[in-house]
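Here is the structure we will look at, set down as structure tokens.
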Amino acid sequence: MKISSLRLQNFGPYYGTHEVDLSTPDGAPLILVHADNMRGKTTLINALRWCLYGHVRNRTGQDKEVYRLLNLDAVDEGTFALAVTMHFEHEGVKYELERRATANTRPQSDEDLKTDCRLLKNGAIQPAADIPEALGGILHEDIARFFFFDGEMLQEYEVLLERPDTSTDLVRRSIEEILGLPALDRARTDLSDLSEMTQKKLVKALGKLQKNNKLLKDAESTADQLDAAERDLADLRPLFEEVTKSLALLQDRRKEYVALEKDLARLDQLESQVRHEELRQEALQKEIAAILRESWWLPISAKARVIYDAAQARVLEISRHDRTVAGLEREILSLEETLRDKRCTTCGQPLPTDSKSAAATTAKLDALRQSLVELGETPVTAEADHFTLHSLKAIVDSGPAERLREKERTRLRSRIDARRLKNECQDIQERLRNHDRAEIKRVEQDYVLCIAKYQQLDGDIRRLESSRETLKANLARLRAQVEQMPGADAWISREAAIYGSLQALFDGGLERFRVLLRNQVEEEASEIFLQLTTEPDYAGLRINDRYGLTIVDKHGRNIRDRSAGAEEVVALALIGALNRCSLREAPVVMDTPFGRLDVRHSDRILKFLATMGRQVLLLVQSREFNRERDFKLIADKVGREMTILRDGRPTRSRIATGYQNDGVTS
Amino acid sequence: MVSPDSREPRTKQHAIEALMTLVPEIRTQLPDDKAQALFTDRLVRAVFAEAWKSQFDDNRGQFRREVKRIVDEIIANERLGEDESK
């Protein structure tokens, strides 16, 4: 396949109609397309993919919505149609392929678009139903990934091949498709069917002769059961394929969301904690209201406390006064008795009779009487104060007030916590601002459902396969007996045996072919790798059964740690090898090929890419391709050069012939 | 290095090589001499050629028809030979 021209109509940034001549003279297969970022380089690859396959996939393998590819200016002007037309030649036949999508009103989704596809083969229009098959025969979509690719995806190929999951399986299958493995794989299935048909023919022929033979009936019944198992498997496998593909897509999407999921999980946790704190505050508020309702006096408790304290002080004062008066009166009485009886009232001993002692006792008695007089009368009554104390006791009780203060302190702490949690929520929400949370959650839910469905189907298929193998073994045993039956047509038996042997041959040959292909890919990839690498100690590449490649040094050791640049070189070697081994020839279209590479690697790869096929379209930006320095390396291989320029507005690009930099054309 | 023009023969060669290596072993497993005689290298190569041709063809009926035609033809020839020898 070699593309001679491409016409874009309102496709992405290409407003109106743009004709791109992609023809190149023999010996100069390279087409250089220069463009800065955001000009529409990737759109060119997408235009080719859409024209050929009717959809555009992003780097994670998801379909892009086509209506979003419609030029924005065209939409604003009321033109709701985009189209891509390719002219190409394949195995001597000229093709014109046009795909067009139109809408009556401004499209809001792909459902609003009507898509038409037209294929002309040497000028003759082809039936629409035959177009996918015809295009599949020219460049099957499964292998297109090795022809139309993005340099920034190179590293992902290697990662994809290292990782044992469903995506790896898809890539491995695509690789085997490009190498021709289906030739043997599909044939063995067909040969198995032919063998089966012949066996049935034999049983049927014998059945006519021996109507009630149990062996024949068993053989027929087992064959029917086997058919039923095969039919069930045939029903389940497309579903399984579909689920496997969905799972791969969801896994890719989940990877995008891994960081976000952590945020989401934290956000969920925080929001739950905020809700908890809010509920707690609500409960505290109710409790505070209840305390206030039951302790209505709390607002006057301070004032009551003053009255209470004063009353209590007075009661204490009266009590103290009473005790002092009683003490003085007891002492006076005792001294009066001492003076009267001339004897100690405590021990009963006679007191000295001299006048000095009597005078001292009398003086003491006078002093006590004087003190009693000075103490004055007992306050009238403490009854009022006791009543006050009794009445205010409940009001001045610190219990409810203390509880109220505690509740309010707790509520305040809860408010502070809630504020802190809400701030953290806001930070996360800010990070998630550009992502649809519902979508992320939906992907997660879909993933869980998809995994469950995958496991269920996988289990069902395994059970059916096991049952099928048992039935097959039984059937083979029965048929061997049938072949020995009198009247069996030996030639039908032989025919069945031939198909069976062919099937066994293709079964066994398939694995051998796979090994040989892997060796071939390894050999080609090693050769390309050595051509591309600047490391003199490297001896080549070693392939594994998933087509993953490991660098091997001159001592035969595997190099485990490799840089992003080395990954890219290895992946490019793999792609180059697959292109060399591929049964299909197609243009190699590569976007941003030198992303992570240093200058020396870029030079080597540039020279290599120029030899990669009959038509190589390189979409480069000025940072990775220095026109002054790099062009001379491949000048003799460049058949065409063009530049994508902004066409006045950010929403429009145009493709100019030749290299253009700041308006200077070369 | 393989040139684009020689890519198919080399890959195809690997495929046929993978099959032909197994032919003698599988031939011995056939039930009788006559069946073994039918299972020739020519038959295998003819079936493989059809398989190779149809690998990008979604219409599998074509391959089956061609293989059936090839096998029927070989059996018919053998039967004819057997009848003539009688």
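Identifiers in the structure tokens: chain A, B, ... in order shown; residue index from 1 per chain; ligand index from 1 in order shown.
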Please report as a Markdown table every residue of chain B lying within 9 Å of chain A, along with the nearest atom pair and their distance in Å (one decimal), using only C-alpha atoms.
| residue | atom | partner | partner_atom | distance |
| --- | --- | --- | --- | --- |
| B:Met1 | CA | A:Glu524 | CA | 6.8 |
| B:Val2 | CA | A:Arg580 | CA | 6.6 |
| B:Ser3 | CA | A:Arg580 | CA | 7.3 |
| B:Pro4 | CA | A:Arg580 | CA | 6.4 |
| B:Arg7 | CA | A:Cys581 | CA | 5.7 |
| B:Glu8 | CA | A:Leu583 | CA | 5.5 |
| B:Arg10 | CA | A:Cys581 | CA | 8.2 |
| B:Thr11 | CA | A:Cys581 | CA | 6.8 |
| B:Lys12 | CA | A:Gly180 | CA | 8.1 |
| B:His14 | CA | A:Phe513 | CA | 6.2 |
| B:Ala15 | CA | A:Phe513 | CA | 5.3 |
| B:Ile16 | CA | A:Phe513 | CA | 8.3 |
| B:Glu17 | CA | A:Phe513 | CA | 7.9 |
| B:Ala18 | CA | A:Gly509 | CA | 5.0 |
| B:Leu19 | CA | A:Gly509 | CA | 4.7 |
| B:Met20 | CA | A:Gly509 | CA | 8.2 |
| B:Thr21 | CA | A:Gly509 | CA | 8.2 |
| B:Leu22 | CA | A:Leu505 | CA | 6.5 |
| B:Val23 | CA | A:Leu505 | CA | 6.9 |
| B:Ile26 | CA | A:Ser501 | CA | 6.4 |
| B:Arg27 | CA | A:Ser501 | CA | 7.5 |
| B:Gln29 | CA | A:Ser501 | CA | 8.1 |
| B:Leu30 | CA | A:Ala497 | CA | 6.6 |
| B:Pro31 | CA | A:Ala497 | CA | 7.6 |
| B:Asp32 | CA | A:Arg494 | CA | 8.3 |
| B:Lys34 | CA | A:Arg494 | CA | 7.9 |
| B:Ala35 | CA | A:Arg494 | CA | 5.4 |
| B:Gln36 | CA | A:Ile498 | CA | 8.5 |
| B:Leu38 | CA | A:Ile498 | CA | 7.6 |
| B:Phe39 | CA | A:Ile498 | CA | 6.6 |
| B:Val44 | CA | A:Leu502 | CA | 7.5 |
| B:Val47 | CA | A:Leu502 | CA | 8.6 |
| B:Phe48 | CA | A:Leu184 | CA | 7.9 |
| B:Glu50 | CA | A:Ala187 | CA | 8.8 |
| B:Ala51 | CA | A:Ala183 | CA | 5.3 |
| B:Trp52 | CA | A:Ala183 | CA | 5.0 |
| B:Lys53 | CA | A:Ala183 | CA | 7.8 |
| B:Ser54 | CA | A:Ala183 | CA | 7.1 |
| B:Gln55 | CA | A:Ala183 | CA | 4.5 |
| B:Phe56 | CA | A:Gly137 | CA | 5.4 |
| B:Asp57 | CA | A:Gly137 | CA | 6.9 |
| B:Asp58 | CA | A:Glu133 | CA | 7.1 |
| B:Arg60 | CA | A:Asp190 | CA | 7.6 |
| B:Gly61 | CA | A:Asp190 | CA | 8.7 |
| B:Phe63 | CA | A:Asp190 | CA | 7.8 |
| B:Arg64 | CA | A:Asp190 | CA | 6.3 |
| B:Val67 | CA | A:Leu191 | CA | 8.3 |
| B:Lys68 | CA | A:Leu194 | CA | 7.7 |
| B:Val71 | CA | A:Glu495 | CA | 7.4 |
| B:Asp72 | CA | A:Glu495 | CA | 8.1 |
| B:Ile75 | CA | A:Glu495 | CA | 7.4 |
| B:Arg79 | CA | A:Trp491 | CA | 8.2 |
Worksheet item: What gap, in Å, lies between CA of Asp110 (chain A) and CA of Glu65 (chain A)?
Response: 6.2 Å
